[in-house]
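Colleague: The structure under discussion is supplied below as structure tokens; questions concerning it will follow.
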There are 2 protein chains.
Amino acid sequence: VTVADLTERDLVARIQQQLPPAPPWLLVGIGDDAAVVEPARNRVEVFTVDALVEGVHFDRAFTPPEAIGHRALAVTLSDLAAMGAAPRLALLSLALPGAFRVDDFDRMIAGMASLARRERIQIVGGNLTRTAGPLTIDVTAVGAVKRRQALTRAGARPGDELYVSGAIGSAGAGLRVLRRAASTGDDEQTARLTAAYLYPAARTRLGVLLGRNRAASACVDLSDGLADAVHQIASSAHVGAIIDADALPIDEAARRTFESLGGDPVADALTAGDDYELLFAVRPRTRRRLAAALHHGGAPLTRIGVCTAPGPALLRRNGIDAPLPGGYAHFAR
Amino acid sequence: VTVADLTERDLVARIQQQLPPAPPWLLVGIGDDAAVVEPARNRVEVFTVDALVEGVHFDRAFTPPEAIGHRALAVTLSDLAAMGAAPRLALLSLALPGAFRVDDFDRMIAGMASLARRERIQIVGGNLTRTAGPLTIDVTAVGAVKRRQALTRAGARPGDELYVSGAIGSAGAGLRVLRRAASTGDDEQTARLTAAYLYPAARTRLGVLLGRNRAASACVDLSDGLADAVHQIASSAHVGAIIDADALPIDEAARRTFESLGGDPVADALTAGDDYELLFAVRPRTRRRLAAALHHGGAPLTRIGVCTAPGPALLRRNGIDAPLPGGYAHFAR
């Protein structure tokens, strides 16, 4: 059975079955022209949209439907985390190929709904349409944060230290393993790397904690890789940066995966993308504010470099500074 | 020059050039991980998302890029109008084929930006991605309305009269003319019908006025045709309906266009879709509340039928009642 065998109403009903009951602030939910929502009190609102396109952002040959749904929501939640915002609601817009199986549709929604429950974000509406092209999933997410606690990219100053959460390169190495370009030769390592690609965690709690006591002066998420994220902060805050290659938290199995493909593990981990970690800047004088984020943020934090006076972003390796590689350029490649 | 020759940053800059300056409530706009917005005071918020997919919702052979951009925003604004909400902000998510020309990209954004200025809706963020498939445009729109003034589909009761704004069938007839399936033989009529399809007006002012003094007990927009809209209100409000075929506001040129193709103009106008008008219910006792909407709503209003006790939705024609045709079923066809 494919989605072409059902009506739009049938498909919407299948989504609704997997969603939790409406919270009290949701005045009108799925099924009307639009959703009506009571705003959160004493908060400003944070809006973001992200899309996953089959063939560009995922390959159905090795990405289970649950992972597609999970990732589509996680990448949007990661943007909210980078602003220090708590997730609140999401809208889901799907363009479905007629041959998409209803079973896969249900599994994709299940993957998204499962993450939505854990992250306490309510799916309040959306849109369904056919497409003659690839499966395309747009998720709009809305979060809330106190006005003075919103994190931006622009707040970094020369002297601020740069930290990254979790590990970098794991998702990129996992993708290479899934493509069967590489093998770790170890089941546990394979599972860890592929899960980093298929089921990334959004650093929601960490982002909220960094905003709450102004521990971070600037923050960005790593959707297009750590090198790109450094360039984003440098460009928005008008600072330079030096990144210490030896400090980068690269998973040992990821490092070996890149090496087995003849790559440079540092350069590959810096540019691989698909790690939904946070890069943030911290004023040295207020470093002790990191304590809450360290203990309750749910991820290790690693100091990887420092912001400098306006100038280029550099990678320091064996005592030699070279330009930090560029990020992932969506349209040029 | 195609979009594949540019970077994502270049394309975002081209969008920003066409947008008006940020309003004071936009605390962080395009260029960060997400937008940060001060909520409107004493209002509830209305959220909707809609998508246009090339080959499903438009054909680039006869739809100029400006019209694609205009329609992508208009269909979303129409959902806000149906809730009685004033537009506030939008997010734009584009999946672009690599061969899409930058010139066409700019013209598409110009069509959207022009409507956004007129409707006073601010584009605060978005997402750009490549696709190997058709051009796909997702617009999320957010509006604001006083809590008691939000219109839903569910408020209609037996005895309420049904009204529709503007004319029905014009966009559908215009689409047939654009496809060269039909001709009006008259330049002015051709221009009127094709403009109804290419540049639909969202009934923003009308929707706000209907909500403001509770003139309407229920409201829905006509994206999938008038017949479908009647079924939506009937199903949400648990009422039946009788629609008077003779009362339907069908443009004379549209009627002749449908007839020239051997169709039944009443059935075709009821099911054609692409008319972004409003269907709404009015309690007979409070009919005088319609005065403001009539004088300042920007569209003629026509009484086309009545809600009845729970039962089928019927079309009354020459004294005979028959089932009202079904709406446009997205996935079954």
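Every chain in the structure tokens takes a letter, A first, then B, and so on in the order presented; its residues are numbered from 1, and the ligands are numbered from 1 following the presented order.
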Please provide as a PyMOL selection string all residues within 10 Å of segment 225-242 of chain A, with the sequence filter that same-chain residues fewer than 4 positions apart are discarded (counting only C-alpha atoms).
Modeller: (chain A and resi 152-162+164+168-169+172+218-221+248+267-281+304-316+321-329) or (chain B and resi 31-33)
Colleague: Chain A residues within 7 Å of chain B, counting only C-alpha atoms: which ones, as a PyMOL selection string?
Modeller: chain A and resi 3-8+32-39+44-50+53+56+79-80+82-83+91+93+125-127+129-131+133-134+152-153+220+329-332
Colleague: Write the residues of the preceding selection, restricted to N, CA and C atoms, as a compact mmCIF listing (two decimals), in the first residue's frame.
Modeller:
# COMPACT_ATOMS: atom_id res chain seq x y z
N VAL A 3 1.19 5.73 -0.35
CA VAL A 3 0.42 6.91 0.05
C VAL A 3 -0.57 7.33 -1.03
N ALA A 4 -0.30 6.96 -2.29
CA ALA A 4 -1.23 7.32 -3.37
C ALA A 4 -2.56 6.60 -3.23
N ASP A 5 -2.60 5.53 -2.43
CA ASP A 5 -3.85 4.80 -2.24
C ASP A 5 -4.74 5.45 -1.17
N LEU A 6 -4.20 6.42 -0.44
CA LEU A 6 -4.96 7.03 0.66
C LEU A 6 -5.31 8.47 0.32
N THR A 7 -6.24 9.04 1.09
CA THR A 7 -6.54 10.46 0.94
C THR A 7 -5.67 11.25 1.91
N GLU A 8 -5.62 12.56 1.68
CA GLU A 8 -4.87 13.42 2.59
C GLU A 8 -5.40 13.25 4.02
N ASP A 32 -7.87 22.28 11.41
CA ASP A 32 -8.50 23.54 10.97
C ASP A 32 -7.57 24.18 9.93
N ASP A 33 -7.88 25.40 9.49
CA ASP A 33 -7.02 26.07 8.52
C ASP A 33 -5.63 26.35 9.10
N ALA A 34 -5.56 26.55 10.41
CA ALA A 34 -4.30 26.87 11.06
C ALA A 34 -4.42 26.52 12.54
N ALA A 35 -3.28 26.46 13.22
CA ALA A 35 -3.28 26.19 14.66
C ALA A 35 -3.34 27.51 15.41
N VAL A 36 -4.01 27.51 16.58
CA VAL A 36 -4.09 28.70 17.42
C VAL A 36 -3.47 28.36 18.76
N VAL A 37 -2.57 29.24 19.20
CA VAL A 37 -1.70 28.94 20.33
C VAL A 37 -1.63 30.13 21.28
N GLU A 38 -1.70 29.84 22.55
CA GLU A 38 -1.47 30.85 23.59
C GLU A 38 0.04 31.04 23.73
N PRO A 39 0.57 32.27 23.59
CA PRO A 39 2.03 32.43 23.70
C PRO A 39 2.54 32.13 25.12
N VAL A 44 10.40 35.65 24.75
CA VAL A 44 10.40 35.96 23.33
C VAL A 44 10.38 34.64 22.58
N GLU A 45 10.02 34.73 21.29
CA GLU A 45 9.82 33.51 20.53
C GLU A 45 10.93 33.31 19.52
N VAL A 46 11.27 32.07 19.28
CA VAL A 46 12.37 31.72 18.40
C VAL A 46 11.82 30.83 17.28
N PHE A 47 12.06 31.23 16.03
CA PHE A 47 11.49 30.56 14.87
C PHE A 47 12.59 30.04 13.95
N THR A 48 12.44 28.80 13.51
CA THR A 48 13.39 28.27 12.54
C THR A 48 12.73 27.23 11.66
N VAL A 49 13.26 27.06 10.46
CA VAL A 49 12.76 26.02 9.56
C VAL A 49 13.97 25.33 8.94
N ASP A 50 13.86 24.01 8.77
CA ASP A 50 14.93 23.26 8.13
C ASP A 50 14.28 22.18 7.27
N VAL A 53 16.00 16.69 2.20
CA VAL A 53 15.62 16.27 0.86
C VAL A 53 16.32 14.96 0.54
N VAL A 56 19.85 14.44 -1.16
CA VAL A 56 20.76 15.52 -0.76
C VAL A 56 21.17 15.31 0.71
N ASP A 79 18.79 24.05 15.90
CA ASP A 79 18.79 25.51 15.72
C ASP A 79 18.22 26.21 16.95
N LEU A 80 17.17 25.65 17.53
CA LEU A 80 16.61 26.25 18.75
C LEU A 80 17.63 26.18 19.89
N ALA A 82 20.79 26.19 19.72
CA ALA A 82 21.86 27.17 19.50
C ALA A 82 21.44 28.57 19.92
N MET A 83 20.14 28.82 20.04
CA MET A 83 19.65 30.13 20.49
C MET A 83 19.35 30.13 22.00
N LEU A 91 5.67 22.58 13.11
CA LEU A 91 4.78 22.31 11.98
C LEU A 91 5.56 21.46 10.99
N SER A 93 5.77 19.87 7.15
CA SER A 93 5.31 19.93 5.76
C SER A 93 6.01 18.83 4.97
N GLY A 125 0.53 21.26 13.56
CA GLY A 125 -0.11 21.39 12.25
C GLY A 125 0.89 21.06 11.17
N GLY A 126 0.44 21.23 9.92
CA GLY A 126 1.35 20.92 8.83
C GLY A 126 0.65 20.91 7.49
N ASN A 127 1.31 20.29 6.56
CA ASN A 127 0.80 20.23 5.19
C ASN A 127 1.32 18.96 4.54
N THR A 129 1.60 17.08 0.65
CA THR A 129 1.39 17.21 -0.78
C THR A 129 2.13 16.09 -1.49
N ARG A 130 1.70 15.81 -2.70
CA ARG A 130 2.42 14.89 -3.56
C ARG A 130 3.62 15.60 -4.16
N THR A 131 4.59 14.81 -4.64
CA THR A 131 5.66 15.35 -5.46
C THR A 131 6.08 14.29 -6.48
N GLY A 133 9.07 14.33 -7.36
CA GLY A 133 10.49 14.28 -7.04
C GLY A 133 10.76 13.52 -5.77
N PRO A 134 11.87 13.83 -5.12
CA PRO A 134 12.28 13.11 -3.91
C PRO A 134 11.43 13.47 -2.70
N THR A 152 23.09 34.44 20.53
CA THR A 152 23.25 34.69 19.10
C THR A 152 24.68 34.35 18.70
N ARG A 153 24.96 34.50 17.41
CA ARG A 153 26.33 34.24 16.94
C ARG A 153 27.24 35.44 17.16
N VAL A 220 26.40 28.66 18.20
CA VAL A 220 25.95 28.27 16.87
C VAL A 220 25.90 26.75 16.84
N ALA A 329 29.67 24.20 1.34
CA ALA A 329 28.96 25.20 0.54
C ALA A 329 27.84 24.51 -0.23
N HIS A 330 26.59 24.77 0.18
CA HIS A 330 25.45 24.00 -0.33
C HIS A 330 25.29 24.01 -1.83
N PHE A 331 25.41 25.18 -2.43
CA PHE A 331 25.04 25.27 -3.83
C PHE A 331 26.21 25.16 -4.78
N ALA A 332 27.41 25.52 -4.33
CA ALA A 332 28.55 25.54 -5.23
C ALA A 332 28.97 24.12 -5.61
Colleague: When DSSP works through the backbone of this structure, what residues of segment 57-223 of chain B end up as helix (DSSP H, G or I), shown as a ChimeraX atom specification?
Modeller: /B:65-82,102-119,147-149,170-178,187-198,204-212
Colleague: Can you list, as a ChimeraX atom specification, every residue of segment 76-119 of chain B that DSSP puts in strand (DSSP E)?
Modeller: /B:86-97
Colleague: Residues of the last selection are to be written out with C-alpha atoms, as a tab-separated table (two decimals), in the first residue's frame.
Modeller:
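What ended up in out_5.tsv:
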chain	number	residue	atom	x	y	z
B	86	ALA	CA	-3.66	39.49	10.94
B	87	PRO	CA	-0.43	38.33	9.25
B	88	ARG	CA	2.77	39.01	11.15
B	89	LEU	CA	5.74	36.95	9.99
B	90	ALA	CA	6.73	34.20	7.58
B	91	LEU	CA	9.55	31.69	7.11
B	92	LEU	CA	10.51	30.57	3.64
B	93	SER	CA	11.96	27.14	2.86
B	94	LEU	CA	13.08	26.59	-0.73
B	95	ALA	CA	14.25	23.39	-2.41
B	96	LEU	CA	15.88	24.55	-5.66
B	97	PRO	CA	16.88	22.50	-8.71
Colleague: I need the residue nearest Pro64 of chain B from this list: B:Asn318, B:Gln189, B:Thr184, B:Thr194. Use only C-alpha atoms for the distance.
Modeller: B:Thr194
Colleague: Excluding Leu210 of chain A and residues on its chain fewer than 5 positions from it, collect all residues at most 8 Å away from it, counting only C-alpha atoms, and give them as number ranges by chain.
Modeller: A: 84, 215-216, 290, 293
Colleague: Quick one, how far is atom CA of Glu188 of chain B from atom CA of Arg120 of chain B?
Modeller: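 About the pair atom CA of Glu188 of chain B and atom CA of Arg120 of chain B: they are 29.8 Å apart.
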Colleague: Give me the residues within 9 Å of Thr63 of chain B as a PyMOL selection string, counting only C-alpha atoms and dropping any in the same chain fewer than 5 places off.
Modeller: chain B and resi 58+68+178+198
Colleague: Please save C-alpha atoms of the selected residues as a PDB file, in the first residue's frame.
Modeller:
ATOM      1  CA  PHE B  58       2.159  25.081 -10.816  1.00  0.00           C
ATOM      2  CA  ILE B  68       5.074  31.424  -8.249  1.00  0.00           C
ATOM      3  CA  LEU B 178      -3.297  29.237 -19.518  1.00  0.00           C
ATOM      4  CA  LEU B 198      -1.666  33.598 -11.138  1.00  0.00           C
TER       5      LEU B 198
END
